[in-house]
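The file protein26.tsv comes next; it holds TSV, C-alpha atoms and all ligand atoms.
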chain	number	residue	atom	x	y	z
R	6	MET	CA	50.78	-13.26	-28.54
R	7	SER	CA	53.86	-14.78	-27.01
R	8	GLU	CA	53.66	-16.70	-23.74
R	9	ILE	CA	54.90	-14.91	-20.63
R	10	LYS	CA	58.23	-16.36	-19.51
R	11	HIS	CA	58.73	-16.67	-15.75
R	12	ASN	CA	62.14	-18.33	-15.48
R	13	TRP	CA	64.38	-15.42	-16.40
R	14	THR	CA	67.98	-15.55	-15.22
R	15	LYS	CA	70.25	-12.64	-14.41
R	16	GLU	CA	72.54	-13.58	-17.32
R	17	GLN	CA	69.66	-13.54	-19.81
R	18	ILE	CA	68.48	-10.16	-18.54
R	19	LEU	CA	72.00	-8.70	-18.65
R	20	ALA	CA	72.36	-9.93	-22.22
R	21	ILE	CA	69.21	-7.98	-23.15
R	22	TYR	CA	70.20	-4.86	-21.17
R	23	ASN	CA	73.63	-4.75	-22.84
R	24	LYS	CA	72.49	-5.24	-26.46
R	25	PRO	CA	73.50	-2.61	-28.99
R	26	LEU	CA	71.01	0.19	-28.33
R	27	MET	CA	69.28	0.11	-31.74
R	28	GLU	CA	68.66	-3.60	-31.46
R	29	LEU	CA	67.39	-3.24	-27.92
R	30	LEU	CA	65.02	-0.44	-28.91
R	31	TYR	CA	63.72	-2.36	-31.93
R	32	GLU	CA	63.03	-5.48	-29.90
R	33	ALA	CA	61.39	-3.57	-27.05
R	34	ALA	CA	59.23	-1.50	-29.40
R	35	THR	CA	58.15	-4.69	-31.20
R	36	VAL	CA	57.11	-6.38	-27.95
R	37	HIS	CA	55.37	-3.18	-26.88
R	38	ARG	CA	53.26	-3.05	-30.06
R	39	LEU	CA	52.19	-6.66	-29.66
R	40	HIS	CA	50.81	-6.07	-26.17
R	41	HIS	CA	49.88	-2.38	-25.91
R	42	ASP	CA	48.69	0.60	-27.92
R	43	PRO	CA	51.97	2.45	-28.61
R	44	ASN	CA	50.21	5.83	-28.85
R	45	THR	CA	48.57	5.62	-25.45
R	46	VAL	CA	50.24	6.50	-22.16
R	47	GLN	CA	48.51	6.43	-18.79
R	48	VAL	CA	48.66	9.59	-16.71
R	49	SER	CA	48.65	8.80	-13.01
R	50	THR	CA	48.58	11.19	-10.08
R	51	LEU	CA	50.52	10.49	-6.93
R	52	LEU	CA	49.06	12.03	-3.77
R	53	SER	CA	51.01	12.11	-0.55
R	54	ILE	CA	48.14	11.60	1.87
R	55	LYS	CA	50.46	11.47	4.90
R	56	THR	CA	53.92	12.97	4.52
R	57	GLY	CA	57.10	12.55	6.56
R	58	GLY	CA	57.97	11.13	9.94
R	59	CYS	CA	58.56	7.58	8.68
R	60	PRO	CA	60.47	5.27	11.07
R	61	GLU	CA	62.23	3.35	8.24
R	62	ASP	CA	65.74	4.22	7.03
R	63	CYS	CA	65.45	3.95	3.21
R	64	GLY	CA	68.63	5.76	2.10
R	65	TYR	CA	66.95	7.61	-0.77
R	66	CYS	CA	63.95	8.90	1.12
R	67	PRO	CA	63.48	12.43	2.47
R	68	GLN	CA	60.45	11.21	4.44
R	69	ALA	CA	62.54	9.07	6.80
R	70	ALA	CA	62.32	10.90	10.14
R	71	ARG	CA	65.94	10.14	11.04
R	72	TYR	CA	67.45	12.21	8.20
R	73	HIS	CA	65.61	15.47	8.97
R	74	THR	CA	65.45	16.92	5.47
R	75	ASP	CA	63.42	20.03	4.70
R	76	ILE	CA	60.27	18.02	4.14
R	77	GLU	CA	57.27	19.37	5.97
R	78	GLY	CA	55.29	16.51	7.39
R	79	ASN	CA	51.52	16.47	7.52
R	80	ASP	CA	48.86	14.37	9.20
R	81	LEU	CA	46.59	12.14	7.20
R	82	MET	CA	44.54	14.14	4.67
R	83	SER	CA	40.77	14.16	4.93
R	84	VAL	CA	38.56	12.21	2.51
R	85	GLN	CA	37.21	15.52	1.15
R	86	GLN	CA	40.72	16.85	0.44
R	87	VAL	CA	41.60	13.66	-1.38
R	88	LYS	CA	38.37	13.74	-3.38
R	89	ALA	CA	39.01	17.35	-4.45
R	90	GLN	CA	42.53	16.46	-5.61
R	91	ALA	CA	41.33	13.35	-7.42
R	92	LEU	CA	38.69	15.37	-9.30
R	93	ARG	CA	41.33	17.91	-10.29
R	94	ALA	CA	43.60	15.09	-11.48
R	95	LYS	CA	40.77	13.52	-13.48
R	96	SER	CA	39.97	16.80	-15.22
R	97	SER	CA	43.58	17.10	-16.35
R	98	GLY	CA	43.71	13.62	-17.89
R	99	SER	CA	44.67	11.29	-15.02
R	100	SER	CA	42.96	7.91	-14.95
R	101	ARG	CA	44.71	6.64	-11.84
R	102	VAL	CA	45.34	8.04	-8.37
R	103	CYS	CA	48.06	6.56	-6.21
R	104	MET	CA	47.86	7.49	-2.53
R	105	GLY	CA	51.09	7.29	-0.56
R	106	ALA	CA	51.44	7.34	3.24
R	107	ALA	CA	54.86	7.42	4.91
R	108	TRP	CA	54.11	4.46	7.16
R	109	ARG	CA	56.23	1.42	7.94
R	110	ASN	CA	53.07	-0.65	7.93
R	111	VAL	CA	49.32	-0.26	8.09
R	112	LYS	CA	47.74	-0.26	11.53
R	113	ASP	CA	44.08	-1.13	11.90
R	114	GLY	CA	42.15	1.77	13.36
R	115	GLU	CA	40.66	5.15	12.49
R	116	GLU	CA	43.37	6.19	10.05
R	117	PHE	CA	43.16	2.99	8.04
R	118	ASP	CA	39.35	3.27	8.03
R	119	GLN	CA	39.80	6.76	6.60
R	120	VAL	CA	42.09	5.41	3.86
R	121	LEU	CA	39.47	2.75	3.03
R	122	GLU	CA	36.90	5.53	2.65
R	123	MET	CA	39.30	7.39	0.32
R	124	VAL	CA	39.58	4.22	-1.78
R	125	ARG	CA	35.77	3.94	-2.04
R	126	THR	CA	35.48	7.63	-2.91
R	127	ILE	CA	38.04	7.57	-5.72
R	128	ASN	CA	36.77	4.28	-7.13
R	129	LYS	CA	33.34	5.87	-7.38
R	130	LEU	CA	34.91	8.65	-9.50
R	131	ASP	CA	35.68	5.87	-12.01
R	132	MET	CA	39.41	6.18	-11.56
R	133	GLU	CA	41.89	3.39	-10.81
R	134	VAL	CA	42.92	3.61	-7.15
R	135	CYS	CA	46.36	2.53	-6.01
R	136	CYS	CA	47.74	2.75	-2.48
R	137	THR	CA	51.28	2.60	-1.15
R	138	LEU	CA	51.07	2.39	2.63
R	139	GLY	CA	53.99	0.14	3.62
R	140	MET	CA	53.66	-3.45	4.76
R	141	ILE	CA	50.17	-4.94	4.99
R	142	THR	CA	48.73	-8.18	6.31
R	143	GLU	CA	46.51	-10.47	4.29
R	144	ASN	CA	43.45	-9.24	6.19
R	145	GLN	CA	44.32	-5.61	5.43
R	146	ALA	CA	44.81	-6.51	1.76
R	147	HIS	CA	41.30	-8.04	1.73
R	148	ARG	CA	39.84	-4.93	3.34
R	149	LEU	CA	41.48	-2.72	0.73
R	150	ALA	CA	40.24	-5.00	-2.06
R	151	GLU	CA	36.71	-4.91	-0.67
R	152	ALA	CA	36.80	-1.09	-0.62
R	153	GLY	CA	37.55	-1.12	-4.36
R	154	LEU	CA	41.33	-0.85	-4.51
R	155	TYR	CA	42.66	-1.49	-8.02
R	156	ALA	CA	46.39	-1.73	-7.26
R	157	TYR	CA	48.78	-1.89	-4.31
R	158	ASN	CA	52.29	-0.52	-4.71
R	159	HIS	CA	55.21	-2.01	-2.81
R	160	ASN	CA	58.53	-1.50	-4.59
R	161	LEU	CA	61.41	-3.97	-4.37
R	162	ASP	CA	63.68	-0.92	-4.81
R	163	SER	CA	66.79	-2.87	-5.94
R	164	SER	CA	68.27	-6.37	-6.09
R	165	GLU	CA	68.15	-8.49	-2.94
R	166	ASP	CA	71.93	-7.98	-2.53
R	167	TYR	CA	71.94	-4.22	-2.95
R	168	TYR	CA	68.82	-3.77	-0.84
R	169	LYS	CA	71.05	-4.40	2.19
R	170	GLU	CA	73.13	-1.34	1.23
R	171	VAL	CA	70.12	0.95	1.18
R	172	ILE	CA	67.74	-0.16	3.94
R	173	SER	CA	68.48	-1.73	7.29
R	174	THR	CA	65.12	-1.59	9.03
R	175	ARG	CA	63.43	-4.33	7.02
R	176	GLY	CA	64.42	-7.15	4.72
R	177	PHE	CA	63.84	-7.89	1.04
R	178	GLU	CA	61.71	-10.88	2.05
R	179	ASP	CA	59.37	-8.52	3.93
R	180	ARG	CA	58.67	-6.78	0.62
R	181	LEU	CA	57.89	-10.09	-1.03
R	182	LYS	CA	55.57	-11.05	1.82
R	183	THR	CA	53.44	-7.94	1.37
R	184	ILE	CA	53.28	-8.56	-2.39
R	185	ASP	CA	52.21	-12.11	-1.62
R	186	ASN	CA	49.45	-10.83	0.67
R	187	VAL	CA	48.18	-8.54	-2.09
R	188	ARG	CA	48.18	-11.51	-4.50
R	189	LYS	CA	45.69	-13.32	-2.25
R	190	THR	CA	43.09	-10.73	-3.34
R	191	ASN	CA	41.98	-9.42	-6.74
R	192	VAL	CA	44.05	-6.25	-6.29
R	193	THR	CA	46.75	-5.85	-8.94
R	194	VAL	CA	50.42	-5.57	-7.95
R	195	CYS	CA	52.57	-2.52	-8.65
R	196	SER	CA	56.23	-3.07	-7.81
R	197	GLY	CA	59.41	-1.65	-9.26
R	198	GLY	CA	62.52	0.12	-8.15
R	199	ILE	CA	65.01	2.92	-8.32
R	200	ILE	CA	68.16	3.20	-10.39
R	201	GLY	CA	71.04	5.53	-9.61
R	202	MET	CA	71.52	4.54	-5.96
R	203	GLY	CA	75.11	3.44	-6.59
R	204	GLU	CA	74.10	-0.08	-7.64
R	205	ALA	CA	75.85	-2.09	-10.35
R	206	ILE	CA	74.12	-3.05	-13.62
R	207	GLU	CA	73.99	-6.59	-12.16
R	208	ASP	CA	71.81	-5.27	-9.34
R	209	ARG	CA	69.40	-3.73	-11.82
R	210	ALA	CA	69.22	-7.11	-13.54
R	211	GLY	CA	68.83	-8.80	-10.13
R	212	MET	CA	65.84	-6.63	-9.32
R	213	LEU	CA	64.28	-7.41	-12.70
R	214	VAL	CA	64.81	-11.15	-12.10
R	215	ALA	CA	62.96	-10.85	-8.79
R	216	LEU	CA	60.04	-9.07	-10.48
R	217	ALA	CA	59.86	-11.05	-13.73
R	218	THR	CA	59.97	-14.44	-12.00
R	219	LEU	CA	56.91	-13.62	-9.89
R	220	ASN	CA	53.98	-15.57	-11.22
R	221	PRO	CA	51.91	-13.68	-12.22
R	222	GLN	CA	54.28	-10.85	-13.04
R	223	PRO	CA	53.35	-7.46	-11.51
R	224	GLU	CA	50.70	-5.70	-13.58
R	225	SER	CA	52.64	-2.47	-13.05
R	226	VAL	CA	56.37	-1.77	-12.71
R	227	PRO	CA	57.54	1.78	-11.93
R	228	ILE	CA	61.11	2.57	-12.94
R	229	ASN	CA	62.41	5.52	-10.94
R	230	ALA	CA	65.64	7.46	-11.36
R	231	LEU	CA	66.98	8.56	-8.00
R	232	VAL	CA	66.25	12.19	-7.16
R	233	PRO	CA	69.03	12.89	-4.64
R	234	VAL	CA	67.77	14.98	-1.72
R	235	GLU	CA	70.04	16.90	0.63
R	236	GLY	CA	70.20	15.34	4.06
R	237	THR	CA	69.58	11.78	2.83
R	238	PRO	CA	72.42	9.23	2.66
R	239	LEU	CA	72.22	9.19	-1.16
R	240	ALA	CA	72.37	12.98	-1.56
R	241	GLU	CA	75.70	12.85	-3.40
R	242	GLU	CA	74.82	10.19	-5.97
R	243	LYS	CA	75.42	11.15	-9.60
R	244	PRO	CA	72.39	11.65	-11.87
R	245	VAL	CA	71.26	8.65	-13.87
R	246	SER	CA	72.11	8.86	-17.56
R	247	ILE	CA	69.12	8.88	-19.90
R	248	TRP	CA	70.68	5.94	-21.75
R	249	ASP	CA	70.54	3.86	-18.56
R	250	MET	CA	66.91	4.80	-18.13
R	251	ILE	CA	66.10	3.85	-21.73
R	252	ARG	CA	67.91	0.52	-21.35
R	253	MET	CA	66.10	-0.20	-18.10
R	254	VAL	CA	62.68	0.59	-19.58
R	255	ALA	CA	63.37	-1.44	-22.73
R	256	THR	CA	64.61	-4.46	-20.77
R	257	THR	CA	61.60	-4.31	-18.43
R	258	ARG	CA	59.28	-4.16	-21.44
R	259	ILE	CA	60.87	-7.19	-23.12
R	260	ILE	CA	60.83	-9.45	-20.07
R	261	MET	CA	57.42	-8.31	-18.76
R	262	PRO	CA	55.45	-7.78	-21.97
R	263	GLU	CA	51.96	-7.32	-20.46
R	264	THR	CA	53.05	-5.05	-17.63
R	265	GLN	CA	52.38	-1.34	-17.46
R	266	VAL	CA	55.91	0.14	-17.32
R	267	ARG	CA	55.87	3.44	-15.48
R	268	LEU	CA	58.34	6.22	-16.11
R	269	SER	CA	58.34	7.56	-12.58
R	270	ALA	CA	60.64	9.79	-10.49
R	271	GLY	CA	63.44	11.67	-12.19
R	272	ARG	CA	61.54	13.02	-15.23
R	273	THR	CA	62.46	16.65	-14.48
R	274	GLU	CA	66.03	15.76	-15.45
R	275	MET	CA	64.94	14.14	-18.73
R	276	SER	CA	64.53	16.00	-22.02
R	277	ARG	CA	61.39	15.46	-24.08
R	278	GLU	CA	63.53	13.58	-26.58
R	279	GLY	CA	64.73	11.28	-23.79
R	280	GLN	CA	61.19	10.69	-22.57
R	281	ALA	CA	60.03	10.03	-26.14
R	282	MET	CA	62.66	7.32	-26.45
R	283	CYS	CA	61.44	5.80	-23.18
R	284	PHE	CA	57.89	5.70	-24.59
R	285	PHE	CA	59.23	4.11	-27.77
R	286	ALA	CA	61.08	1.55	-25.61
R	287	GLY	CA	57.83	0.59	-23.88
R	288	ALA	CA	57.09	3.00	-21.05
R	289	ASN	CA	53.34	3.52	-21.00
R	290	SER	CA	52.67	5.58	-17.93
R	291	ILE	CA	53.86	8.80	-16.35
R	292	PHE	CA	53.08	10.44	-13.06
R	293	ALA	CA	51.57	13.90	-13.35
R	294	GLY	CA	51.62	16.84	-10.97
R	295	ASP	CA	54.38	19.18	-9.88
R	296	LYS	CA	55.40	16.92	-6.97
R	297	LEU	CA	56.04	13.18	-6.80
R	298	LEU	CA	55.29	12.66	-3.12
R	299	THR	CA	57.99	15.13	-2.09
R	300	THR	CA	60.36	15.47	-5.06
R	301	PRO	CA	59.90	17.77	-8.10
R	302	ASN	CA	58.05	16.58	-11.21
R	303	PRO	CA	57.15	18.29	-14.53
R	304	ASP	CA	54.04	20.47	-14.63
R	305	VAL	CA	50.96	18.68	-16.01
R	306	ASN	CA	50.48	21.32	-18.76
R	307	GLU	CA	54.01	20.70	-19.95
R	308	ASP	CA	53.24	16.99	-20.08
R	309	MET	CA	50.10	17.61	-22.11
R	310	LYS	CA	52.12	19.71	-24.56
R	311	MET	CA	54.58	16.83	-24.84
R	312	PHE	CA	51.70	14.39	-25.48
R	313	GLU	CA	50.38	16.65	-28.25
R	314	MET	CA	53.80	16.94	-29.84
R	315	LEU	CA	54.29	13.16	-29.78
R	316	GLY	CA	50.70	12.32	-30.77
R	317	LEU	CA	50.11	10.45	-27.52
R	318	ASN	CA	46.71	10.00	-25.89
R	319	PRO	CA	46.08	9.58	-22.16
R	320	GLN	CA	44.98	6.02	-21.39
R	321	LYS	CA	41.44	5.45	-20.14
R	322	PRO	CA	41.01	3.67	-16.80
R	323	PHE	CA	40.35	-0.08	-16.45
R	324	ILE	CA	41.81	-1.02	-19.86
R	325	LYS	CA	43.53	-4.13	-18.50
R	326	LYS	CA	41.13	-5.20	-15.76
R	327	MET	CA	37.53	-4.44	-14.81
R	328	GLN	CA	36.70	-1.76	-12.28
R	329	PRO	CA	36.30	-3.40	-8.86
R	330	ALA	CA	33.10	-2.91	-6.87
R	331	SER	CA	33.25	-0.91	-3.62
R	332	VAL	CA	31.62	-2.48	-0.58
R	333	GLU	CA	30.50	0.08	2.01
R	334	ALA	CA	32.09	-0.06	5.46
R	335	LYS	CA	28.82	-1.14	7.11
R	336	ASP	CA	28.55	-4.16	4.77
R	337	SER	CA	32.15	-5.30	5.16
R	338	GLN	CA	32.79	-9.01	5.60
R	339	PHE	CA	36.19	-8.42	7.13
R	340	GLU	CA	36.78	-7.35	10.70
R	341	ALA	CA	39.79	-5.32	11.77
R	342	LEU	CA	42.02	-7.91	13.43
R	343	GLY	CA	44.43	-5.41	14.97
R	344	GLU	CA	47.40	-7.52	13.85
R	345	LYS	CA	50.72	-6.15	12.65
R	346	PRO	CA	52.63	-7.57	9.71
R	347	LYS	CA	55.55	-9.61	11.03
R	348	TRP	CA	58.82	-8.36	9.64
R	349	SER	CA	62.41	-9.45	9.91
R	350	ARG	CA	63.99	-6.27	11.43
R	351	PRO	CA	67.49	-7.06	10.16
R	352	GLU	CA	69.01	-3.81	11.63
R	353	HIS	CA	72.42	-4.31	10.03
R	354	LYS	CA	74.56	-1.15	9.91
R	355	ILE	CA	74.79	0.90	6.70
R	356	GLU	CA	77.66	3.36	7.07
R	357	ARG	CA	76.24	6.16	4.92
R	358	ASN	CA	72.81	5.89	6.60
R	359	GLU	CA	74.50	6.18	10.01
R	360	GLU	CA	76.48	9.23	8.85
R	361	ALA	CA	73.36	10.95	7.53
R	362	LYS	CA	71.64	10.26	10.83
R	363	GLN	CA	74.55	11.80	12.79
R	364	LYS	CA	74.50	14.92	10.62
R	365	ALA	CA	70.77	15.39	11.08
R	366	LYS	CA	69.59	18.37	13.06
R	367	PRO	CA	67.90	17.45	16.32
R	368	ILE	CA	64.14	17.05	16.04
R	369	GLN	CA	62.39	20.20	17.35
R	401	LIG	S1	60.46	5.04	1.21
R	401	LIG	FE1	58.56	4.73	2.36
R	401	LIG	S2	59.14	3.27	3.95
R	401	LIG	FE2	61.07	4.12	3.18
R	401	LIG	S3	61.50	5.87	4.56
R	401	LIG	FE3	60.37	6.66	2.78
R	401	LIG	S4	58.24	6.69	3.43
R	401	LIG	FE4	59.34	5.32	4.83

Kindly transcribe the structure held in the file into structure tokens.
Ligand code: SF4
Amino acid sequence: MSEIKHNWTKEQILAIYNKPLMELLYEAATVHRLHHDPNTVQVSTLLSIKTGGCPEDCGYCPQAARYHTDIEGNDLMSVQQVKAQALRAKSSGSSRVCMGAAWRNVKDGEEFDQVLEMVRTINKLDMEVCCTLGMITENQAHRLAEAGLYAYNHNLDSSEDYYKEVISTRGFEDRLKTIDNVRKTNVTVCSGGIIGMGEAIEDRAGMLVALATLNPQPESVPINALVPVEGTPLAEEKPVSIWDMIRMVATTRIIMPETQVRLSAGRTEMSREGQAMCFFAGANSIFAGDKLLTTPNPDVNEDMKMFEMLGLNPQKPFIKKMQPASVEAKDSQFEALGEKPKWSRPEHKIERNEEAKQKAKPIQ
């Protein structure tokens, strides 16, 4: 197997992204076969355990409180609710559950303790557990690891340059800091981004540079196509072309050969043929369930029909890394320190975010 390269440049990545498509596909599929089973795709289930009311201003996100979209918020789900949903997901072929909470950052206290219990519960169902909870401190990362967390998701979203056009309430370096905190534990890193936010191809390459030059590279990279939602600043963005998605997946596969590349949001707009080409180009995970946090997603039965048609098998859990042990709360070696992650609060102005905020209906 080839060595993993960590010194990618934007120019090298652009040269791959812009290759004639057939060459790009051939190269990506070749790398994919060397590192993964090409007939296996992981089915993951994304659960929104706490929806809406987020204080951040991510321009693509209907859960940001300031844009007042039609999203109905909910309080943190109970452990029993999460367990029931995880069991349902497992019975329909999922090997991984990703729990998302619309928080800026994790706060020590009852709610975080409840999330830790959810992690223990799902790990005991022999499923990979991933969480996406916003910024976390090193101590919080250790507590999640001790509970049996398999992966932590914290997306870079875009290139460092374009990030400033999408989010003003935190900086790119804050994202890297949380990833760094996760890396101090044995929890794997899931980090990717979104295309179709109005960024240039150079920004897509810039984001891939930031991910591929991490050492180690993220074990998991979700590639999302923007799902524009009315009321958000990016509501008017044009849909991403399937060819862009295929190029993005193929490039990610080539530069991060060992990584699980996840075909994430935006699949409802993709034909089966388009998705098949993404799998050929190296995507080896999809998210199942009719909702991806808050945006539409194909029905799981439809996905299973697609798998059958393409001769794909759902991936078993813990293929790449052993199942972590879960330490019970009473035996924990880590105390809650009550600290908050420090973040840069850049608060620069983004015109379209400001406009969307002005248009928002007043909060009832
Ligand atoms: S993407 Fe996450 S952090 Fe950003 S507004 Fe939405 S829920 Fe909040």

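The smallest atom-to-atom distance between R:Ala215 and any of R:Asp304, R:Asp249, R:Glu165, R:Glu170, using all atoms listed in the file, is found for R:Glu165.
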
I'd like the neighbourhood of stretch 336-339 of chain R as a PyMOL selection string, where a residue qualifies if any of its atoms comes within 10 Å (using only C-alpha atoms), though same-chain residues fewer than 4 positions away should be ignored.
chain R and resi 144-145+147-148+151-152+331-332

So which residues are near ligand LIG 401 (chain R), meaning at most 7 Å away with only C-alpha atoms and all ligand atoms counted, given back as JSON, numbers by chain?
{"R": [57, 59, 60, 61, 62, 63, 66, 67, 68, 69, 106, 107, 108, 109, 139]}

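Ranking R:Arg258, R:Lys310, R:Ile355, R:Arg350 by their shortest atom-to-atom distance to R:His37, with only C-alpha atoms included, puts R:Arg258 first.
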
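Shortest atom-to-atom contact with R:Ser99 among R:Leu161, R:Val187, R:Val134, R:Val232: R:Val134, counting only C-alpha atoms.
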